[in-house]
Amino acid sequence: MQNKLLEKLADKSLTTEDLLQKVKQDPSLLAKVIDGVSSSRAATRYGCAKVLVVLSEKVPEMLYPHMGYFVDLLGSKHRILIWNATAIIANLTRVDRDKKFDAVIDKYYGLLDDEYMVTVANVVGHSGKIALAKPYLVPRITEELLRVESISVTPHLTEECRRVIAEKAIKSLSLFFDRIDDKEEVVSFVKRQLGSSRKSLRSEAKNFLKKWG
């Protein structure tokens, strides 16, 4: 039955929403969905990963025992799975009673040095929820977000990409700014974005300063 479910997912006779509901009704299917992430069939691989992202949002405690697996996915050869993993791990920090994330924070934020913009943007974009779940990590997370100004430009991460990432950083910082001790450094970072050529980044910076500055 379980293999047939994944086959149906691959041939699109079963939607990811259908699979999500089945796993919620029968948690024993979770192991098969996790196995599906390793499938050679892209539809199965990404369909299963999508289900896991949603489950991590809605029932993080169900996925928490598998935290190590998702950490390993950060090194996947498939970039989409890396992006899925960054989201899942961030969602699981809400129930991280054993501080598993703390042990891999270097690996997680090491992705800020990735050559692909979307990878970096995902880490930055999910940082707000991690900071809210783990207030004692706010200094470290703030430090990591502030270094987006100095990330290297690559063929897959242009100057404009850096501006997109800076915009995401401001959004994340705004979520937990009240918990930041060194507020001046953050405000200075945001003010530097007021002269950006990217309109939405300028707007985000203005909104942040209006609220917090």
# chains A, B, ... in the order shown; residues from 1 in each chain; ligands from 1

call {"tool": "select_by_dssp", "arguments": {"residues": "segment 19-146 of chain A", "states": "alpha helix (DSSP H)", "output": "PyMOL selection string"}}
result
chain A and resi 19-25+30-36+42-58+60-63+67-73+79-92+100-103+105-110+117-133+138-146

call {"tool": "residues_around", "arguments": {"residues": "Lys183 of chain A", "least_positions_apart": "4", "cutoff": "12 Å", "atoms": "only C-alpha atoms", "output": "list in words"}}
result
Val138, Pro139, Thr142, Glu143, Leu146, Leu173, Ser174, Phe176, Phe177, Asp178, Arg179, Val187, Ser188, Phe189, Val190, Leu209, Trp212 and Gly213 of chain A

call {"tool": "write_last_selection", "arguments": {"atoms": "N, CA and C atoms", "output": "PDB file, in the first residue's frame"}}
result
ATOM      1  N   VAL A 138      19.570  34.566  19.782  1.00  0.00           N
ATOM      2  CA  VAL A 138      19.381  35.836  19.065  1.00  0.00           C
ATOM      3  C   VAL A 138      20.702  36.533  18.735  1.00  0.00           C
ATOM      4  N   PRO A 139      21.658  36.635  19.667  1.00  0.00           N
ATOM      5  CA  PRO A 139      22.929  37.294  19.315  1.00  0.00           C
ATOM      6  C   PRO A 139      23.631  36.621  18.138  1.00  0.00           C
ATOM      7  N   THR A 142      21.563  37.160  14.866  1.00  0.00           N
ATOM      8  CA  THR A 142      21.710  38.551  14.426  1.00  0.00           C
ATOM      9  C   THR A 142      23.042  38.751  13.729  1.00  0.00           C
ATOM     10  N   GLU A 143      24.083  38.214  14.327  1.00  0.00           N
ATOM     11  CA  GLU A 143      25.430  38.312  13.748  1.00  0.00           C
ATOM     12  C   GLU A 143      25.469  37.691  12.350  1.00  0.00           C
ATOM     13  N   LEU A 146      23.577  39.895   9.764  1.00  0.00           N
ATOM     14  CA  LEU A 146      24.261  41.141   9.421  1.00  0.00           C
ATOM     15  C   LEU A 146      25.402  40.936   8.441  1.00  0.00           C
ATOM     16  N   LEU A 173      14.915  40.246  10.818  1.00  0.00           N
ATOM     17  CA  LEU A 173      15.369  41.002  11.980  1.00  0.00           C
ATOM     18  C   LEU A 173      14.210  41.737  12.656  1.00  0.00           C
ATOM     19  N   SER A 174      13.261  42.176  11.855  1.00  0.00           N
ATOM     20  CA  SER A 174      12.111  42.893  12.401  1.00  0.00           C
ATOM     21  C   SER A 174      11.265  42.010  13.314  1.00  0.00           C
ATOM     22  N   PHE A 176      12.255  39.889  15.486  1.00  0.00           N
ATOM     23  CA  PHE A 176      12.779  39.709  16.854  1.00  0.00           C
ATOM     24  C   PHE A 176      13.667  40.871  17.302  1.00  0.00           C
ATOM     25  N   PHE A 177      13.492  42.026  16.673  1.00  0.00           N
ATOM     26  CA  PHE A 177      14.338  43.182  16.999  1.00  0.00           C
ATOM     27  C   PHE A 177      14.244  43.574  18.470  1.00  0.00           C
ATOM     28  N   ASP A 178      13.071  43.400  19.050  1.00  0.00           N
ATOM     29  CA  ASP A 178      12.898  43.769  20.452  1.00  0.00           C
ATOM     30  C   ASP A 178      13.724  42.901  21.390  1.00  0.00           C
ATOM     31  N   ARG A 179      14.241  41.775  20.882  1.00  0.00           N
ATOM     32  CA  ARG A 179      15.042  40.873  21.713  1.00  0.00           C
ATOM     33  C   ARG A 179      16.549  41.044  21.471  1.00  0.00           C
ATOM     34  N   VAL A 187      20.285  48.787  13.344  1.00  0.00           N
ATOM     35  CA  VAL A 187      19.711  50.010  12.764  1.00  0.00           C
ATOM     36  C   VAL A 187      20.667  50.594  11.719  1.00  0.00           C
ATOM     37  N   SER A 188      21.958  50.554  11.990  1.00  0.00           N
ATOM     38  CA  SER A 188      22.947  51.059  11.028  1.00  0.00           C
ATOM     39  C   SER A 188      22.905  50.257   9.732  1.00  0.00           C
ATOM     40  N   PHE A 189      22.781  48.942   9.875  1.00  0.00           N
ATOM     41  CA  PHE A 189      22.670  48.071   8.699  1.00  0.00           C
ATOM     42  C   PHE A 189      21.445  48.446   7.875  1.00  0.00           C
ATOM     43  N   VAL A 190      20.329  48.631   8.543  1.00  0.00           N
ATOM     44  CA  VAL A 190      19.086  48.958   7.835  1.00  0.00           C
ATOM     45  C   VAL A 190      19.196  50.326   7.159  1.00  0.00           C
ATOM     46  N   LEU A 209      12.532  51.102   9.988  1.00  0.00           N
ATOM     47  CA  LEU A 209      12.957  52.270  10.775  1.00  0.00           C
ATOM     48  C   LEU A 209      11.757  53.016  11.344  1.00  0.00           C
ATOM     49  N   TRP A 212      10.881  50.606  14.249  1.00  0.00           N
ATOM     50  CA  TRP A 212      11.873  50.344  15.283  1.00  0.00           C
ATOM     51  C   TRP A 212      12.920  51.449  15.448  1.00  0.00           C
ATOM     52  N   GLY A 213      13.110  52.259  14.393  1.00  0.00           N
ATOM     53  CA  GLY A 213      14.228  53.206  14.423  1.00  0.00           C
ATOM     54  C   GLY A 213      13.998  54.406  15.303  1.00  0.00           C
TER      55      GLY A 213
END

call {"tool": "closest_residue", "arguments": {"among": "A:Glu184, A:Asp26, A:Glu7, A:Asp72", "to": "Lys107 of chain A", "atoms": "only C-alpha atoms"}}
result
A:Asp72

call {"tool": "residues_around", "arguments": {"residues": "Tyr64 of chain A", "least_positions_apart": "5", "cutoff": "8 Å", "atoms": "only C-alpha atoms", "output": "PyMOL selection string"}}
result
chain A and resi 92+95-96

call {"tool": "residues_around", "arguments": {"residues": "Ile82 of chain A", "least_positions_apart": "3", "cutoff": "12 Å", "atoms": "only C-alpha atoms", "output": "ChimeraX atom specification"}}
result
/A:37,46,49-50,53,69-79,85-89,108,111,114,116,118-123

call {"tool": "write_last_selection", "arguments": {"atoms": "N, CA and C atoms", "output": "short mmCIF file (atom, residue, chain, number, x, y, z; two decimals), in the first residue's frame"}}
result
data_model
loop_
_atom_site.label_atom_id
_atom_site.label_comp_id
_atom_site.auth_asym_id
_atom_site.auth_seq_id
_atom_site.Cartn_x
_atom_site.Cartn_y
_atom_site.Cartn_z
N VAL A 37 11.79 10.72 -0.27
CA VAL A 37 12.66 11.85 -0.59
C VAL A 37 13.92 11.39 -1.33
N TYR A 46 10.21 15.28 -4.73
CA TYR A 46 9.80 16.62 -4.34
C TYR A 46 8.39 16.66 -3.75
N ALA A 49 8.92 15.64 -0.17
CA ALA A 49 9.58 16.73 0.56
C ALA A 49 8.59 17.84 0.88
N LYS A 50 7.71 18.12 -0.06
CA LYS A 50 6.71 19.16 0.15
C LYS A 50 5.77 18.79 1.30
N VAL A 53 7.54 19.38 4.58
CA VAL A 53 7.60 20.80 4.96
C VAL A 53 6.30 21.21 5.65
N TYR A 69 18.07 13.49 10.10
CA TYR A 69 17.91 13.22 8.67
C TYR A 69 17.81 14.52 7.89
N PHE A 70 17.06 15.47 8.42
CA PHE A 70 16.88 16.74 7.71
C PHE A 70 18.15 17.57 7.73
N VAL A 71 18.92 17.43 8.79
CA VAL A 71 20.23 18.11 8.84
C VAL A 71 21.13 17.54 7.74
N ASP A 72 21.10 16.22 7.57
CA ASP A 72 21.90 15.60 6.51
C ASP A 72 21.47 16.10 5.13
N LEU A 73 20.18 16.40 4.98
CA LEU A 73 19.68 16.88 3.69
C LEU A 73 20.28 18.23 3.29
N LEU A 74 20.81 18.95 4.27
CA LEU A 74 21.45 20.24 3.94
C LEU A 74 22.63 20.05 3.01
N GLY A 75 23.12 18.82 2.93
CA GLY A 75 24.24 18.52 2.03
C GLY A 75 23.81 17.79 0.77
N SER A 76 22.51 17.80 0.49
CA SER A 76 21.98 17.08 -0.68
C SER A 76 22.53 17.65 -1.99
N LYS A 77 22.59 16.79 -3.00
CA LYS A 77 23.00 17.24 -4.33
C LYS A 77 21.84 17.94 -5.04
N HIS A 78 20.65 17.82 -4.48
CA HIS A 78 19.47 18.46 -5.06
C HIS A 78 19.17 19.74 -4.29
N ARG A 79 19.32 20.88 -4.95
CA ARG A 79 19.17 22.16 -4.25
C ARG A 79 17.77 22.33 -3.66
N ALA A 85 14.86 21.42 3.40
CA ALA A 85 15.46 21.10 4.69
C ALA A 85 15.64 22.34 5.57
N THR A 86 16.02 23.46 4.95
CA THR A 86 16.18 24.68 5.76
C THR A 86 14.86 25.08 6.39
N ALA A 87 13.77 24.90 5.65
CA ALA A 87 12.44 25.24 6.17
C ALA A 87 12.03 24.28 7.28
N ILE A 88 12.22 22.99 7.03
CA ILE A 88 11.82 21.97 8.01
C ILE A 88 12.58 22.14 9.32
N ILE A 89 13.89 22.31 9.23
CA ILE A 89 14.70 22.46 10.44
C ILE A 89 14.27 23.69 11.24
N TYR A 108 24.13 25.00 9.51
CA TYR A 108 22.96 25.70 8.97
C TYR A 108 23.37 27.06 8.41
N LEU A 111 25.51 27.79 5.18
CA LEU A 111 24.86 27.91 3.87
C LEU A 111 24.76 29.36 3.40
N ASP A 114 26.84 29.81 0.47
CA ASP A 114 26.51 29.03 -0.73
C ASP A 114 26.54 29.93 -1.96
N TYR A 116 24.48 29.83 -4.45
CA TYR A 116 23.15 30.05 -5.03
C TYR A 116 22.30 30.97 -4.16
N VAL A 118 19.05 31.44 -3.91
CA VAL A 118 17.87 30.90 -3.26
C VAL A 118 18.22 30.16 -1.96
N THR A 119 19.35 29.48 -1.96
CA THR A 119 19.79 28.79 -0.75
C THR A 119 20.04 29.78 0.37
N VAL A 120 20.79 30.82 0.07
CA VAL A 120 21.09 31.85 1.06
C VAL A 120 19.80 32.53 1.53
N ALA A 121 18.94 32.86 0.59
CA ALA A 121 17.69 33.55 0.91
C ALA A 121 16.80 32.70 1.81
N ASN A 122 16.81 31.40 1.61
CA ASN A 122 16.00 30.52 2.45
C ASN A 122 16.49 30.54 3.90
N VAL A 123 17.79 30.45 4.08
CA VAL A 123 18.35 30.49 5.44
C VAL A 123 18.01 31.82 6.12
#

call {"tool": "residues_around", "arguments": {"residues": "Arg97 of chain A", "least_positions_apart": "6", "cutoff": "12 Å", "atoms": "only C-alpha atoms", "output": "PDB file with N, CA and C atoms, in the first residue's frame"}}
result
ATOM      1  N   PRO A  60       5.086  19.674  14.123  1.00  0.00           N
ATOM      2  CA  PRO A  60       6.549  19.512  14.202  1.00  0.00           C
ATOM      3  C   PRO A  60       6.992  18.361  15.089  1.00  0.00           C
ATOM      4  N   GLU A  61       6.207  18.075  16.126  1.00  0.00           N
ATOM      5  CA  GLU A  61       6.585  16.993  17.033  1.00  0.00           C
ATOM      6  C   GLU A  61       6.606  15.637  16.327  1.00  0.00           C
ATOM      7  N   TYR A  64      10.106  15.676  14.581  1.00  0.00           N
ATOM      8  CA  TYR A  64      11.273  15.977  15.408  1.00  0.00           C
ATOM      9  C   TYR A  64      12.226  14.797  15.613  1.00  0.00           C
ATOM     10  N   PRO A  65      11.738  13.566  15.798  1.00  0.00           N
ATOM     11  CA  PRO A  65      12.675  12.448  15.969  1.00  0.00           C
ATOM     12  C   PRO A  65      13.595  12.241  14.763  1.00  0.00           C
ATOM     13  N   MET A  67      15.071  14.726  13.053  1.00  0.00           N
ATOM     14  CA  MET A  67      15.822  15.959  12.845  1.00  0.00           C
ATOM     15  C   MET A  67      17.178  15.704  12.183  1.00  0.00           C
ATOM     16  N   ALA A 133      11.916  31.029  18.390  1.00  0.00           N
ATOM     17  CA  ALA A 133      11.847  29.743  19.093  1.00  0.00           C
ATOM     18  C   ALA A 133      12.987  29.575  20.090  1.00  0.00           C
ATOM     19  N   LYS A 134      14.116  30.227  19.795  1.00  0.00           N
ATOM     20  CA  LYS A 134      15.308  30.079  20.635  1.00  0.00           C
ATOM     21  C   LYS A 134      15.904  31.462  20.938  1.00  0.00           C
TER      22      LYS A 134
END

call {"tool": "residues_around", "arguments": {"residues": "Asp18 of chain A", "least_positions_apart": "5", "cutoff": "12 Å", "atoms": "only C-alpha atoms", "output": "PDB file with N, CA and C atoms, in the first residue's frame"}}
result
ATOM      1  N   LEU A   5       1.223   4.233  -2.821  1.00  0.00           N
ATOM      2  CA  LEU A   5       0.972   5.639  -2.556  1.00  0.00           C
ATOM      3  C   LEU A   5       2.005   6.513  -3.252  1.00  0.00           C
ATOM      4  N   LEU A   6       3.270   6.134  -3.125  1.00  0.00           N
ATOM      5  CA  LEU A   6       4.336   6.925  -3.730  1.00  0.00           C
ATOM      6  C   LEU A   6       4.308   6.828  -5.247  1.00  0.00           C
ATOM      7  N   LYS A   8       1.580   6.532  -6.970  1.00  0.00           N
ATOM      8  CA  LYS A   8       0.487   7.420  -7.361  1.00  0.00           C
ATOM      9  C   LYS A   8       0.910   8.886  -7.289  1.00  0.00           C
ATOM     10  N   LEU A   9       1.767   9.181  -6.328  1.00  0.00           N
ATOM     11  CA  LEU A   9       2.280  10.545  -6.214  1.00  0.00           C
ATOM     12  C   LEU A   9       3.127  10.885  -7.434  1.00  0.00           C
ATOM     13  N   LYS A  12       1.044  11.381 -10.470  1.00  0.00           N
ATOM     14  CA  LYS A  12       0.121  12.492 -10.239  1.00  0.00           C
ATOM     15  C   LYS A  12      -1.340  12.084 -10.083  1.00  0.00           C
ATOM     16  N   SER A  13      -1.587  10.807  -9.827  1.00  0.00           N
ATOM     17  CA  SER A  13      -2.956  10.383  -9.533  1.00  0.00           C
ATOM     18  C   SER A  13      -3.263  10.600  -8.051  1.00  0.00           C
ATOM     19  N   VAL A  23      -0.986  10.863   5.766  1.00  0.00           N
ATOM     20  CA  VAL A  23       0.050  10.754   6.795  1.00  0.00           C
ATOM     21  C   VAL A  23      -0.467  11.275   8.135  1.00  0.00           C
ATOM     22  N   LYS A  24      -1.247  12.339   8.089  1.00  0.00           N
ATOM     23  CA  LYS A  24      -1.807  12.887   9.329  1.00  0.00           C
ATOM     24  C   LYS A  24      -2.766  11.883   9.981  1.00  0.00           C
ATOM     25  N   GLN A  25      -3.470  11.134   9.135  1.00  0.00           N
ATOM     26  CA  GLN A  25      -4.409  10.133   9.645  1.00  0.00           C
ATOM     27  C   GLN A  25      -3.689   8.862  10.100  1.00  0.00           C
ATOM     28  N   GLY A  47       7.549  15.726  -4.167  1.00  0.00           N
ATOM     29  CA  GLY A  47       6.217  15.634  -3.582  1.00  0.00           C
ATOM     30  C   GLY A  47       6.300  15.252  -2.113  1.00  0.00           C
ATOM     31  N   CYS A  48       7.144  14.275  -1.810  1.00  0.00           N
ATOM     32  CA  CYS A  48       7.323  13.843  -0.428  1.00  0.00           C
ATOM     33  C   CYS A  48       7.952  14.959   0.411  1.00  0.00           C
ATOM     34  N   LYS A  50       7.714  18.124  -0.061  1.00  0.00           N
ATOM     35  CA  LYS A  50       6.712  19.162   0.152  1.00  0.00           C
ATOM     36  C   LYS A  50       5.775  18.790   1.304  1.00  0.00           C
ATOM     37  N   VAL A  51       5.393  17.531   1.343  1.00  0.00           N
ATOM     38  CA  VAL A  51       4.534  17.046   2.433  1.00  0.00           C
ATOM     39  C   VAL A  51       5.250  17.212   3.777  1.00  0.00           C
TER      40      VAL A  51
END

call {"tool": "residues_around", "arguments": {"residues": "Lys206 of chain A", "least_positions_apart": "3", "cutoff": "12 Å", "atoms": "only C-alpha atoms", "output": "list in words"}}
result
Glu167, Ile170, Lys171, Ser174, Val187, Val190, Lys191, Arg192, Gln193, Leu194, Gly195, Ser196, Lys199, Ser200, Leu201, Arg202, Ser203, Leu209, Lys210, Lys211, Trp212 and Gly213 of chain A

call {"tool": "closest_residue", "arguments": {"among": "A:Ala43, A:Gly36, A:Leu20, A:Glu115", "to": "Lys58 of chain A", "atoms": "only C-alpha atoms"}}
result
A:Leu20

call {"tool": "atom_distance", "arguments": {"atom1": "atom CA of Ser197 of chain A", "atom2": "atom CA of Met117 of chain A"}}
result
18.1 Å

call {"tool": "atom_distance", "arguments": {"atom1": "atom CA of Arg41 of chain A", "atom2": "atom CA of Ala10 of chain A"}}
result
7.0 Å

call {"tool": "closest_residue", "arguments": {"among": "A:Ala169, A:Leu112, A:Val104, A:Ala31", "to": "Val153 of chain A", "atoms": "only C-alpha atoms"}}
result
A:Leu112

call {"tool": "closest_residue", "arguments": {"among": "A:Val148, A:Lys32, A:Asn207, A:Ala42", "to": "Cys161 of chain A", "atoms": "only C-alpha atoms"}}
result
A:Val148

call {"tool": "closest_residue", "arguments": {"among": "A:Phe101, A:Ser172, A:Ile165, A:Asn91", "to": "Ser127 of chain A", "atoms": "only C-alpha atoms"}}
result
A:Ser172

call {"tool": "decode", "arguments": {"residues": "segment 94-105 of chain A", "atoms": "N, CA and C atoms", "output": "JSON list (two decimals), in the first residue's frame"}}
result
[["chain", "number", "residue", "atom", "x", "y", "z"],
["A", 94, "ARG", "N", 10.87, 24.88, 17.12],
["A", 94, "ARG", "CA", 9.79, 25.16, 18.09],
["A", 94, "ARG", "C", 9.66, 24.05, 19.13],
["A", 95, "VAL", "N", 10.06, 22.84, 18.74],
["A", 95, "VAL", "CA", 9.91, 21.70, 19.66],
["A", 95, "VAL", "C", 11.27, 21.07, 19.97],
["A", 96, "ASP", "N", 12.33, 21.84, 19.78],
["A", 96, "ASP", "CA", 13.70, 21.31, 19.92],
["A", 96, "ASP", "C", 14.13, 21.28, 21.39],
["A", 97, "ARG", "N", 13.52, 20.41, 22.16],
["A", 97, "ARG", "CA", 13.82, 20.33, 23.60],
["A", 97, "ARG", "C", 15.23, 19.81, 23.87],
["A", 98, "ASP", "N", 15.80, 19.07, 22.93],
["A", 98, "ASP", "CA", 17.13, 18.51, 23.13],
["A", 98, "ASP", "C", 18.24, 19.36, 22.52],
["A", 99, "LYS", "N", 17.87, 20.53, 22.04],
["A", 99, "LYS", "CA", 18.83, 21.48, 21.45],
["A", 99, "LYS", "C", 19.64, 20.85, 20.31],
["A", 100, "LYS", "N", 18.95, 20.10, 19.49],
["A", 100, "LYS", "CA", 19.61, 19.49, 18.33],
["A", 100, "LYS", "C", 20.07, 20.56, 17.34],
["A", 101, "PHE", "N", 19.28, 21.61, 17.18],
["A", 101, "PHE", "CA", 19.66, 22.68, 16.26],
["A", 101, "PHE", "C", 20.94, 23.36, 16.71],
["A", 102, "ASP", "N", 21.06, 23.57, 18.02],
["A", 102, "ASP", "CA", 22.23, 24.25, 18.55],
["A", 102, "ASP", "C", 23.52, 23.56, 18.13],
["A", 103, "ALA", "N", 23.45, 22.24, 18.03],
["A", 103, "ALA", "CA", 24.63, 21.45, 17.69],
["A", 103, "ALA", "C", 25.02, 21.57, 16.22],
["A", 104, "VAL", "N", 24.08, 22.03, 15.39],
["A", 104, "VAL", "CA", 24.35, 22.10, 13.95],
["A", 104, "VAL", "C", 24.20, 23.52, 13.41],
["A", 105, "ILE", "N", 24.19, 24.51, 14.31],
["A", 105, "ILE", "CA", 23.99, 25.88, 13.87],
["A", 105, "ILE", "C", 25.07, 26.35, 12.91]]
